[in-house]
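*Asks:* File follows, protein08.json with JSON, C-alpha atoms:
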[["chain", "number", "residue", "atom", "x", "y", "z"],
["X", 1, "MET", "CA", 61.35, 49.08, -264.02],
["X", 2, "ARG", "CA", 63.13, 49.82, -260.76],
["X", 3, "SER", "CA", 65.09, 47.40, -258.57],
["X", 4, "ASP", "CA", 65.38, 47.47, -254.78],
["X", 5, "ALA", "CA", 68.85, 48.99, -255.18],
["X", 6, "GLY", "CA", 67.39, 51.98, -257.03],
["X", 7, "ILE", "CA", 68.57, 50.89, -260.49],
["X", 8, "VAL", "CA", 66.25, 51.49, -263.45],
["X", 9, "PHE", "CA", 66.04, 48.96, -266.29],
["X", 10, "SER", "CA", 64.17, 49.23, -269.56],
["X", 11, "VAL", "CA", 62.90, 46.48, -271.86],
["X", 12, "ALA", "CA", 61.73, 47.22, -275.40],
["X", 13, "GLN", "CA", 59.33, 45.07, -277.39],
["X", 14, "GLY", "CA", 61.25, 42.72, -279.68],
["X", 15, "GLU", "CA", 64.63, 43.22, -277.99],
["X", 16, "LEU", "CA", 66.48, 40.34, -276.31],
["X", 17, "GLN", "CA", 68.42, 42.29, -273.70],
["X", 18, "ARG", "CA", 67.41, 44.72, -270.99],
["X", 19, "ARG", "CA", 69.02, 48.15, -270.72],
["X", 20, "GLU", "CA", 70.33, 49.71, -267.53],
["X", 21, "GLU", "CA", 69.68, 53.44, -267.36],
["X", 22, "SER", "CA", 72.50, 55.71, -266.22],
["X", 23, "LEU", "CA", 71.25, 58.10, -263.54],
["X", 24, "PRO", "CA", 72.96, 60.38, -260.99],
["X", 25, "GLY", "CA", 72.06, 58.59, -257.78],
["X", 26, "ALA", "CA", 69.66, 55.89, -256.68],
["X", 27, "VAL", "CA", 66.12, 56.05, -258.01],
["X", 28, "LEU", "CA", 63.45, 56.10, -255.29],
["X", 29, "ASP", "CA", 60.51, 55.80, -257.71],
["X", 30, "LEU", "CA", 59.38, 56.51, -261.27],
["X", 31, "CYS", "CA", 56.19, 57.27, -263.17],
["X", 32, "ALA", "CA", 54.98, 58.50, -266.57],
["X", 33, "ARG", "CA", 53.76, 62.09, -267.03],
["X", 34, "ASN", "CA", 52.12, 62.85, -270.36],
["X", 35, "GLY", "CA", 54.10, 60.09, -272.08],
["X", 36, "GLN", "CA", 57.41, 61.17, -270.53],
["X", 37, "LEU", "CA", 59.27, 59.22, -267.85],
["X", 38, "VAL", "CA", 59.89, 61.00, -264.54],
["X", 39, "VAL", "CA", 62.13, 59.72, -261.73],
["X", 40, "LEU", "CA", 62.97, 60.79, -258.19],
["X", 41, "THR", "CA", 66.68, 60.37, -257.47],
["X", 42, "SER", "CA", 68.59, 60.49, -254.20],
["X", 43, "ALA", "CA", 72.29, 61.36, -254.06],
["X", 44, "LYS", "CA", 74.16, 62.43, -250.92],
["X", 45, "GLY", "CA", 70.89, 63.10, -249.14],
["X", 46, "ALA", "CA", 69.51, 65.38, -251.87],
["X", 47, "TRP", "CA", 66.32, 64.46, -253.74],
["X", 48, "THR", "CA", 65.82, 65.59, -257.33],
["X", 49, "LEU", "CA", 62.92, 65.14, -259.72],
["X", 50, "ARG", "CA", 64.17, 64.42, -263.24],
["X", 51, "ARG", "CA", 62.55, 63.88, -266.64],
["X", 52, "ARG", "CA", 63.90, 61.82, -269.50],
["X", 53, "GLU", "CA", 64.64, 63.56, -272.80],
["X", 54, "GLY", "CA", 66.22, 61.21, -275.33],
["X", 55, "ASN", "CA", 69.05, 59.54, -273.41],
["X", 56, "ASP", "CA", 69.43, 62.43, -270.95],
["X", 57, "TRP", "CA", 67.87, 62.98, -267.52],
["X", 58, "ILE", "CA", 67.04, 66.65, -266.99],
["X", 59, "ALA", "CA", 66.77, 67.95, -263.41],
["X", 60, "GLU", "CA", 63.46, 69.73, -262.78],
["X", 61, "THR", "CA", 62.98, 70.26, -259.05],
["X", 62, "SER", "CA", 64.84, 69.67, -255.81],
["X", 63, "ILE", "CA", 62.84, 68.40, -252.86],
["X", 64, "ASP", "CA", 63.75, 68.87, -249.20],
["X", 65, "ALA", "CA", 61.90, 65.87, -247.78],
["X", 66, "GLY", "CA", 64.04, 65.21, -244.73],
["X", 67, "GLY", "CA", 64.67, 61.54, -245.52],
["X", 68, "GLY", "CA", 62.48, 58.47, -245.35],
["X", 69, "PHE", "CA", 60.83, 56.86, -248.35],
["X", 70, "GLY", "CA", 59.77, 58.72, -251.49],
["X", 71, "THR", "CA", 57.13, 57.53, -253.95],
["X", 72, "LEU", "CA", 55.63, 59.14, -257.05],
["X", 73, "HIS", "CA", 52.30, 59.50, -258.80],
["X", 74, "CYS", "CA", 51.99, 61.24, -262.18],
["X", 75, "THR", "CA", 49.05, 62.67, -264.08],
["X", 76, "VAL", "CA", 49.14, 64.51, -267.41],
["X", 77, "HIS", "CA", 50.39, 67.74, -265.85],
["X", 78, "ASP", "CA", 51.19, 67.02, -262.19],
["X", 79, "VAL", "CA", 53.66, 65.00, -260.14],
["X", 80, "THR", "CA", 52.87, 64.03, -256.55],
["X", 81, "VAL", "CA", 55.75, 63.05, -254.27],
["X", 82, "VAL", "CA", 54.69, 61.15, -251.16],
["X", 83, "THR", "CA", 56.96, 60.96, -248.10],
["X", 84, "PRO", "CA", 56.29, 59.73, -244.53],
["X", 85, "ASN", "CA", 55.14, 63.11, -243.23],
["X", 86, "ARG", "CA", 54.49, 65.32, -246.25],
["X", 87, "VAL", "CA", 53.09, 65.27, -249.76],
["X", 88, "PHE", "CA", 54.62, 67.53, -252.40],
["X", 89, "LEU", "CA", 52.37, 68.66, -255.26],
["X", 90, "ILE", "CA", 54.43, 69.78, -258.28],
["X", 91, "ARG", "CA", 53.12, 71.55, -261.37],
["X", 92, "ASP", "CA", 54.81, 73.93, -263.82],
["X", 93, "GLY", "CA", 57.95, 74.04, -261.70],
["X", 94, "ARG", "CA", 56.07, 75.13, -258.58],
["X", 95, "THR", "CA", 55.92, 72.97, -255.47],
["X", 96, "LYS", "CA", 53.29, 72.94, -252.73],
["X", 97, "ALA", "CA", 53.95, 70.95, -249.55],
["X", 98, "VAL", "CA", 51.08, 69.43, -247.54],
["X", 99, "MET", "CA", 51.75, 68.23, -243.99],
["X", 100, "LEU", "CA", 50.09, 64.93, -243.10],
["X", 101, "SER", "CA", 47.99, 64.44, -239.98],
["X", 102, "ARG", "CA", 49.86, 61.23, -239.23],
["X", 103, "PRO", "CA", 52.86, 59.41, -240.75],
["X", 104, "LEU", "CA", 52.39, 56.97, -243.60],
["X", 105, "PRO", "CA", 53.82, 53.43, -243.25],
["X", 106, "GLY", "CA", 56.12, 53.67, -246.26],
["X", 107, "ALA", "CA", 57.52, 50.15, -246.00],
["X", 108, "LEU", "CA", 54.02, 48.83, -246.68],
["X", 109, "ALA", "CA", 52.93, 51.27, -249.42],
["X", 110, "SER", "CA", 52.41, 49.29, -252.62],
["X", 111, "SER", "CA", 50.44, 51.68, -254.81],
["X", 112, "LEU", "CA", 49.38, 55.32, -255.15],
["X", 113, "HIS", "CA", 46.56, 57.04, -256.99],
["X", 114, "VAL", "CA", 45.43, 60.68, -257.06],
["X", 115, "GLU", "CA", 41.79, 61.41, -257.83],
["X", 116, "GLY", "CA", 40.98, 65.10, -257.62],
["X", 117, "ASP", "CA", 42.01, 66.33, -254.18],
["X", 118, "ARG", "CA", 42.31, 62.82, -252.75],
["X", 119, "LEU", "CA", 45.38, 60.62, -252.58],
["X", 120, "PHE", "CA", 44.84, 56.86, -252.15],
["X", 121, "VAL", "CA", 47.66, 54.76, -250.68],
["X", 122, "GLY", "CA", 47.39, 50.97, -250.99],
["X", 123, "LEU", "CA", 49.14, 48.98, -248.25],
["X", 124, "ASN", "CA", 50.54, 45.45, -248.46],
["X", 125, "ARG", "CA", 51.29, 43.45, -245.30],
["X", 126, "GLY", "CA", 50.91, 40.09, -247.00],
["X", 127, "GLU", "CA", 49.24, 37.50, -244.78],
["X", 128, "PHE", "CA", 48.58, 40.26, -242.21],
["X", 129, "GLY", "CA", 46.46, 42.36, -244.55],
["X", 130, "GLY", "CA", 47.17, 45.96, -245.49],
["X", 131, "GLY", "CA", 44.17, 48.02, -246.53],
["X", 132, "LEU", "CA", 43.77, 51.45, -248.06],
["X", 133, "LEU", "CA", 44.45, 54.98, -246.80],
["X", 134, "ARG", "CA", 42.87, 58.18, -248.15],
["X", 135, "VAL", "CA", 44.66, 61.53, -247.84],
["X", 136, "ASP", "CA", 42.85, 64.84, -248.24],
["X", 137, "LEU", "CA", 45.36, 66.90, -250.25],
["X", 138, "ARG", "CA", 43.75, 70.15, -249.09],
["X", 139, "THR", "CA", 44.19, 69.51, -245.36],
["X", 140, "GLY", "CA", 46.63, 66.59, -245.10],
["X", 141, "ARG", "CA", 44.14, 64.49, -243.12],
["X", 142, "VAL", "CA", 44.90, 60.75, -243.35],
["X", 143, "ALA", "CA", 42.02, 58.29, -242.90],
["X", 144, "ALA", "CA", 41.61, 54.55, -243.39],
["X", 145, "VAL", "CA", 39.11, 53.27, -245.96],
["X", 146, "ASP", "CA", 37.90, 50.19, -244.12],
["X", 147, "ARG", "CA", 34.69, 48.18, -244.51],
["X", 148, "LYS", "CA", 34.65, 45.13, -242.25],
["X", 149, "ALA", "CA", 31.94, 42.63, -241.38],
["X", 150, "ASN", "CA", 31.48, 40.60, -238.20],
["X", 151, "GLU", "CA", 32.95, 37.34, -239.52],
["X", 152, "LEU", "CA", 36.69, 36.67, -239.84],
["X", 153, "CYS", "CA", 38.11, 38.66, -242.78],
["X", 154, "GLY", "CA", 34.58, 39.75, -243.66],
["X", 155, "GLY", "CA", 33.65, 42.85, -245.58],
["X", 156, "PRO", "CA", 34.65, 44.21, -248.98],
["X", 157, "LEU", "CA", 37.78, 46.00, -247.69],
["X", 158, "ASN", "CA", 39.23, 44.62, -244.48],
["X", 159, "SER", "CA", 42.64, 46.02, -243.50],
["X", 160, "ASP", "CA", 43.31, 42.99, -241.29],
["X", 161, "CYS", "CA", 43.17, 40.60, -244.27],
["X", 162, "ASP", "CA", 43.27, 42.53, -247.57],
["X", 163, "PRO", "CA", 46.56, 43.66, -249.18],
["X", 164, "VAL", "CA", 45.88, 46.38, -251.77],
["X", 165, "HIS", "CA", 48.18, 46.24, -254.82],
["X", 166, "GLY", "CA", 46.70, 48.84, -257.12],
["X", 167, "VAL", "CA", 44.19, 51.69, -257.38],
["X", 168, "ALA", "CA", 42.76, 53.15, -260.60],
["X", 169, "ALA", "CA", 40.02, 55.56, -261.66],
["X", 170, "GLU", "CA", 36.75, 53.87, -262.60],
["X", 171, "PRO", "CA", 36.06, 54.98, -266.22],
["X", 172, "TRP", "CA", 32.28, 54.69, -266.10],
["X", 173, "LYS", "CA", 31.84, 56.39, -262.70],
["X", 174, "PRO", "CA", 33.64, 59.75, -262.50],
["X", 175, "GLY", "CA", 35.10, 60.39, -259.05],
["X", 176, "CYS", "CA", 35.11, 56.70, -258.09],
["X", 177, "VAL", "CA", 38.17, 54.43, -257.87],
["X", 178, "VAL", "CA", 38.74, 50.68, -257.94],
["X", 179, "ALA", "CA", 41.24, 48.89, -255.69],
["X", 180, "ALA", "CA", 42.85, 45.52, -256.46],
["X", 181, "ILE", "CA", 43.07, 43.15, -253.49],
["X", 182, "GLY", "CA", 45.15, 39.99, -253.63],
["X", 183, "LEU", "CA", 46.78, 37.42, -251.37],
["X", 184, "VAL", "CA", 48.07, 33.93, -252.14],
["X", 185, "HIS", "CA", 49.16, 32.33, -248.88],
["X", 186, "MET", "CA", 48.12, 28.67, -248.76],
["X", 187, "MET", "CA", 44.88, 29.79, -250.47],
["X", 188, "SER", "CA", 44.00, 32.53, -252.95],
["X", 189, "HIS", "CA", 41.98, 35.49, -251.72],
["X", 190, "GLY", "CA", 41.03, 38.73, -253.45],
["X", 191, "ARG", "CA", 38.58, 40.95, -255.32],
["X", 192, "LEU", "CA", 38.17, 44.30, -257.03],
["X", 193, "VAL", "CA", 36.53, 46.89, -254.79],
["X", 194, "GLU", "CA", 34.77, 50.09, -255.82],
["X", 195, "ILE", "CA", 35.17, 53.21, -253.63],
["X", 196, "CYS", "CA", 32.79, 56.12, -254.24],
["X", 197, "GLY", "CA", 33.18, 58.65, -251.44],
["X", 198, "ASP", "CA", 32.33, 56.74, -248.25],
["X", 199, "ASP", "CA", 30.56, 53.94, -250.16],
["X", 200, "VAL", "CA", 32.68, 50.78, -250.51],
["X", 201, "ARG", "CA", 31.42, 47.68, -252.30],
["X", 202, "THR", "CA", 32.70, 44.60, -254.10],
["X", 203, "LEU", "CA", 32.86, 45.18, -257.84],
["X", 204, "LEU", "CA", 34.27, 41.81, -258.94],
["X", 205, "SER", "CA", 34.91, 38.59, -257.03],
["X", 206, "ARG", "CA", 35.38, 35.18, -258.65],
["X", 207, "PRO", "CA", 35.81, 31.74, -257.10],
["X", 208, "TYR", "CA", 39.24, 30.23, -257.67],
["X", 209, "LYS", "CA", 39.76, 26.48, -257.90],
["X", 210, "THR", "CA", 42.65, 24.52, -259.42],
["X", 211, "GLY", "CA", 43.59, 27.34, -261.76],
["X", 212, "THR", "CA", 40.12, 28.01, -263.15],
["X", 213, "SER", "CA", 37.59, 30.70, -262.38],
["X", 214, "GLY", "CA", 33.91, 31.29, -262.83],
["X", 215, "GLY", "CA", 31.24, 33.29, -261.09],
["X", 216, "ARG", "CA", 29.79, 36.71, -261.62],
["X", 217, "ILE", "CA", 30.24, 40.30, -260.55],
["X", 218, "GLY", "CA", 29.15, 40.80, -256.98],
["X", 219, "ARG", "CA", 29.80, 37.27, -255.66],
["X", 220, "ASP", "CA", 32.31, 36.84, -252.83],
["X", 221, "ASP", "CA", 33.84, 33.60, -251.47],
["X", 222, "PHE", "CA", 36.94, 33.16, -249.32],
["X", 223, "VAL", "CA", 38.88, 31.13, -251.94],
["X", 224, "THR", "CA", 38.76, 33.72, -254.69],
["X", 225, "VAL", "CA", 40.93, 35.09, -257.46],
["X", 226, "ALA", "CA", 43.71, 37.31, -256.11],
["X", 227, "PHE", "CA", 44.34, 40.53, -258.07],
["X", 228, "PHE", "CA", 47.83, 42.05, -258.12],
["X", 229, "GLY", "CA", 47.30, 45.13, -260.24],
["X", 230, "VAL", "CA", 44.72, 47.28, -261.97],
["X", 231, "ALA", "CA", 45.06, 50.00, -264.62],
["X", 232, "ARG", "CA", 42.68, 52.11, -266.65],
["X", 233, "SER", "CA", 42.69, 51.65, -270.43],
["X", 234, "GLY", "CA", 40.15, 53.84, -272.22],
["X", 235, "ALA", "CA", 36.63, 52.90, -271.15],
["X", 236, "GLU", "CA", 37.66, 49.75, -269.29],
["X", 237, "LEU", "CA", 39.87, 48.54, -266.47],
["X", 238, "LEU", "CA", 42.59, 45.93, -266.94],
["X", 239, "ALA", "CA", 43.16, 43.83, -263.82],
["X", 240, "ALA", "CA", 45.92, 41.24, -263.43],
["X", 241, "GLY", "CA", 44.52, 38.22, -261.60],
["X", 242, "VAL", "CA", 46.39, 35.15, -260.49],
["X", 243, "ASP", "CA", 44.53, 33.19, -263.18],
["X", 244, "GLY", "CA", 44.44, 35.68, -266.06],
["X", 245, "LEU", "CA", 43.92, 39.19, -267.33],
["X", 246, "TYR", "CA", 40.47, 40.66, -266.65],
["X", 247, "ARG", "CA", 38.88, 43.35, -268.81],
["X", 248, "VAL", "CA", 36.23, 45.08, -266.71],
["X", 249, "SER", "CA", 33.66, 47.56, -267.99],
["X", 250, "ALA", "CA", 30.25, 48.89, -266.98],
["X", 251, "GLN", "CA", 28.73, 45.82, -268.71],
["X", 252, "GLY", "CA", 30.71, 43.22, -266.73],
["X", 253, "ALA", "CA", 34.03, 41.40, -266.83],
["X", 254, "GLU", "CA", 35.78, 39.05, -269.25],
["X", 255, "ARG", "CA", 38.84, 36.95, -268.49],
["X", 256, "GLU", "CA", 41.56, 35.92, -270.89],
["X", 257, "PRO", "CA", 44.48, 33.62, -270.05],
["X", 258, "LEU", "CA", 47.77, 35.22, -269.14],
["X", 259, "PRO", "CA", 50.02, 35.36, -272.22],
["X", 260, "ALA", "CA", 53.40, 33.70, -272.50],
["X", 261, "PHE", "CA", 56.18, 35.65, -270.80],
["X", 262, "LYS", "CA", 59.65, 36.12, -272.32],
["X", 263, "ASP", "CA", 62.81, 36.27, -270.22],
["X", 264, "VAL", "CA", 64.70, 39.42, -271.17],
["X", 265, "GLY", "CA", 67.87, 39.65, -269.14],
["X", 266, "GLY", "CA", 66.23, 38.06, -266.12],
["X", 267, "ILE", "CA", 63.02, 40.10, -266.44],
["X", 268, "LYS", "CA", 59.90, 38.19, -267.46],
["X", 269, "VAL", "CA", 57.70, 40.45, -269.56],
["X", 270, "SER", "CA", 54.89, 40.21, -272.12],
["X", 271, "PHE", "CA", 53.76, 42.74, -274.74],
["X", 272, "GLU", "CA", 51.19, 40.35, -276.26],
["X", 273, "ALA", "CA", 47.98, 41.55, -274.57],
["X", 274, "PRO", "CA", 46.42, 44.54, -276.37],
["X", 275, "GLY", "CA", 46.70, 47.84, -274.49],
["X", 276, "VAL", "CA", 48.85, 46.54, -271.66],
["X", 277, "VAL", "CA", 52.32, 45.34, -270.66],
["X", 278, "LEU", "CA", 52.62, 42.55, -268.09],
["X", 279, "VAL", "CA", 55.64, 41.92, -265.88],
["X", 280, "LEU", "CA", 56.16, 39.07, -263.43],
["X", 281, "THR", "CA", 57.50, 39.94, -259.99],
["X", 282, "GLU", "CA", 58.38, 37.94, -256.89],
["X", 283, "VAL", "CA", 58.41, 40.93, -254.54],
["X", 284, "ASN", "CA", 55.28, 39.66, -252.77],
["X", 285, "ALA", "CA", 57.16, 36.53, -251.69],
["X", 286, "ARG", "CA", 58.62, 38.58, -248.84],
["X", 287, "LYS", "CA", 55.20, 38.87, -247.25],
["X", 288, "SER", "CA", 53.34, 35.75, -248.47],
["X", 289, "LEU", "CA", 53.72, 32.50, -250.41],
["X", 290, "SER", "CA", 52.45, 33.99, -253.67],
["X", 291, "GLY", "CA", 55.55, 33.28, -255.79],
["X", 292, "SER", "CA", 55.57, 35.08, -259.15],
["X", 293, "VAL", "CA", 52.56, 37.32, -259.78],
["X", 294, "PRO", "CA", 51.74, 39.65, -262.69],
["X", 295, "LEU", "CA", 51.97, 43.43, -262.62],
["X", 296, "VAL", "CA", 49.89, 45.32, -265.18],
["X", 297, "VAL", "CA", 50.80, 48.61, -266.90],
["X", 298, "SER", "CA", 48.46, 50.35, -269.32],
["X", 299, "ARG", "CA", 49.95, 51.65, -272.58],
["X", 300, "ASP", "CA", 47.50, 54.57, -272.64]]
Written as structure tokens, how would this file's structure read?
*Replies:*
Amino acid sequence: MRSDAGIVFSVAQGELQRREESLPGAVLDLCARNGQLVVLTSAKGAWTLRRREGNDWIAETSIDAGGGFGTLHCTVHDVTVVTPNRVFLIRDGRTKAVMLSRPLPGALASSLHVEGDRLFVGLNRGEFGGGLLRVDLRTGRVAAVDRKANELCGGPLNSDCDPVHGVAAEPWKPGCVVAAIGLVHMMSHGRLVEICGDDVRTLLSRPYKTGTSGGRIGRDDFVTVAFFGVARSGAELLAAGVDGLYRVSAQGAEREPLPAFKDVGGIKVSFEAPGVVLVLTEVNARKSLSGSVPLVVSRD
């Protein structure tokens, strides 16, 4: 886990204290590549990609990004570094830079996902929406993925009203992704949205009342369960809703209550749910009245 100050902490299952990692410089972001932790550090204006081996952090690649924010996305073999004006594609020690057609709003970027030659950037503006951007990694073209309807906040993906907190590959539809939308600001509002090329539709929306949920896939009401993260785990998706953990597959969705969280050095974490680690964060409180919400990380 990374703090705003660029400090990385680790929490191990069964341990009672968190560990602070010793790194040369502030950490801009981190991700897992083929089971190995990778970080992007900044020291005296220089950016370096590092991998963890044992207790050491080995420098892999230097990046001349020219400042601004830096965020990471990892796959089994590749690391993608996203900056305001460029995307760096790194594989086997070689780096390819792609210029973007327009700058990305880094202060709002809440999630990244790479699917083939497309980069998806989820944006979080809290009560003012957010939405989803799609970047063509061949050309650098940046486009909004927006599907609005005529009514206020209508449509499955409305950038004026829908903060996007996570994007993951849809296991049962190759090439498609699912975005998690969530906002708790006076009322709860959210859904899971499927994006297949230019086709955008609601995958899962459930009414939310007094801490309970019901409904079915495909239904959409304004007071709905807000989702604050989504991750792929084998043949299903794990989505962290404000009222529980949802396991979504091609056959439908099942909800289980959120497990008990343990305070480990000020970090509230749970290893109880199979296939996933849950962490509570209050970072969304800067943009809305959501309070503590769960983040979901797949163990795959």
*Asks:* For X:Arg118, work out the shell of residues within 10 Å, counting all atoms listed in the file and skipping chain neighbours fewer than 2 positions away, then give it as an MDAnalysis selection string.
*Replies:* chainID X and resid 113:116 120:121 134:138 140:142 175
*Asks:* Would you save the residues of that selection, restricted to C-alpha atoms, as an mmCIF file, keeping the file's coordinate frame?
*Replies:*
data_model
loop_
_atom_site.group_PDB
_atom_site.id
_atom_site.type_symbol
_atom_site.label_atom_id
_atom_site.label_comp_id
_atom_site.auth_asym_id
_atom_site.auth_seq_id
_atom_site.Cartn_x
_atom_site.Cartn_y
_atom_site.Cartn_z
ATOM 1 C CA HIS X 113 46.560 57.040 -256.990
ATOM 2 C CA VAL X 114 45.430 60.680 -257.060
ATOM 3 C CA GLU X 115 41.790 61.410 -257.830
ATOM 4 C CA GLY X 116 40.980 65.100 -257.620
ATOM 5 C CA PHE X 120 44.840 56.860 -252.150
ATOM 6 C CA VAL X 121 47.660 54.760 -250.680
ATOM 7 C CA ARG X 134 42.870 58.180 -248.150
ATOM 8 C CA VAL X 135 44.660 61.530 -247.840
ATOM 9 C CA ASP X 136 42.850 64.840 -248.240
ATOM 10 C CA LEU X 137 45.360 66.900 -250.250
ATOM 11 C CA ARG X 138 43.750 70.150 -249.090
ATOM 12 C CA GLY X 140 46.630 66.590 -245.100
ATOM 13 C CA ARG X 141 44.140 64.490 -243.120
ATOM 14 C CA VAL X 142 44.900 60.750 -243.350
ATOM 15 C CA GLY X 175 35.100 60.390 -259.050
#
*Asks:* In Å, rounded to a single decimal, give me how far atom CA of X:Gly122 is from atom CA of X:Val98.
*Replies:* 19.1 Å
*Asks:* Looking at X:Thr224, X:Thr75, X:Ser101, X:Ser10, which one is nearest to X:Val87, with distances taken over all atoms listed in the file?
*Replies:* X:Ser101
*Asks:* Which residue gives the smallest distance to X:Arg102 among X:Arg86, X:Arg51, X:His189, X:Arg19, with all atoms listed in the file counted?
*Replies:*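 Closest candidate: X:Arg86.
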*Asks:* May I ask for the distance between atom CA of X:Ser159 and atom CA of X:Gly66, given in Å to one decimal place?
*Replies:* 28.8 Å
*Asks:* So, with all atoms listed in the file as the atoms that count, which of X:Leu133, X:Leu237, X:Ala12, X:Ala143 lies closest to X:Val296?
*Replies:*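 Among the listed residues, X:Leu237 lies closest to X:Val296.
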*Asks:* What's the separation between atom CA of X:Gly266 and atom CA of X:Thr281, in Å to one decimal place?
*Replies:* 10.8 Å
*Asks:* Given the point (67.7, 69.4, -262.3) in the coordinates of this file, which residues lie within 8 Å, counting only C-alpha atoms, and how would they look as a list in words?
*Replies:*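 All residues meeting the 8 Å criterion around (67.7, 69.4, -262.3) are Thr48, Leu49, Arg50, Ile58, Ala59, Glu60, Thr61 and Ser62 of chain X.
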*Asks:* Which neighbours of stretch 162-168 of chain X fall inside 10 Å, counting only C-alpha atoms, when residues of the same chain fewer than 5 positions from it are skipped, and could you give them as a PyMOL selection string?
*Replies:* chain X and resi 108-115+120-132+146+153-157+176-183+189-195+226-233+237-240+284+295-296
*Asks:* I need the residue nearest X:Asn158 from this list: X:Ser3, X:Ser188, X:Thr41, X:Thr202. Use all atoms listed in the file for the distance.
*Replies:* X:Thr202
*Asks:* Mind listing as JSON, numbers by chain all residues within 9 Å of (59.1, 56.0, -263.5), counting only C-alpha atoms?
*Replies:* {"X": [1, 2, 8, 27, 29, 30, 31, 32, 33, 36, 37, 38, 39, 40, 72, 73, 74]}
*Asks:* From the set X:Thr83, X:Glu256, X:Leu100, X:Phe88, which residue has the shortest atom-to-atom contact distance to X:Gly244, counting all atoms listed in the file?
*Replies:*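 Result for the nearest residue to X:Gly244: X:Glu256.
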*Asks:* Show which residues sit within 9 Å of X:Leu258, as a PyMOL selection string. Count all atoms listed in the file, and ignore same-chain residues fewer than 6 positions away.
*Replies:* chain X and resi 240-245+273+278+294
*Asks:* With a distance cut-off of 12 Å and only C-alpha atoms, select the neighbouring residues of X:Gly14, excluding the residue or stretch itself and same-chain residues fewer than 5 positions from it, and output the selection as an MDAnalysis selection string.
*Replies:* chainID X and resid 262:264 269:272
*Asks:* Find, counting only C-alpha atoms, the residue in X:Val11, X:Ala43, X:Val81, X:Val276 that gets nearest to X:Pro24.
*Replies:*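 Smallest distance to X:Pro24 is found for X:Ala43.
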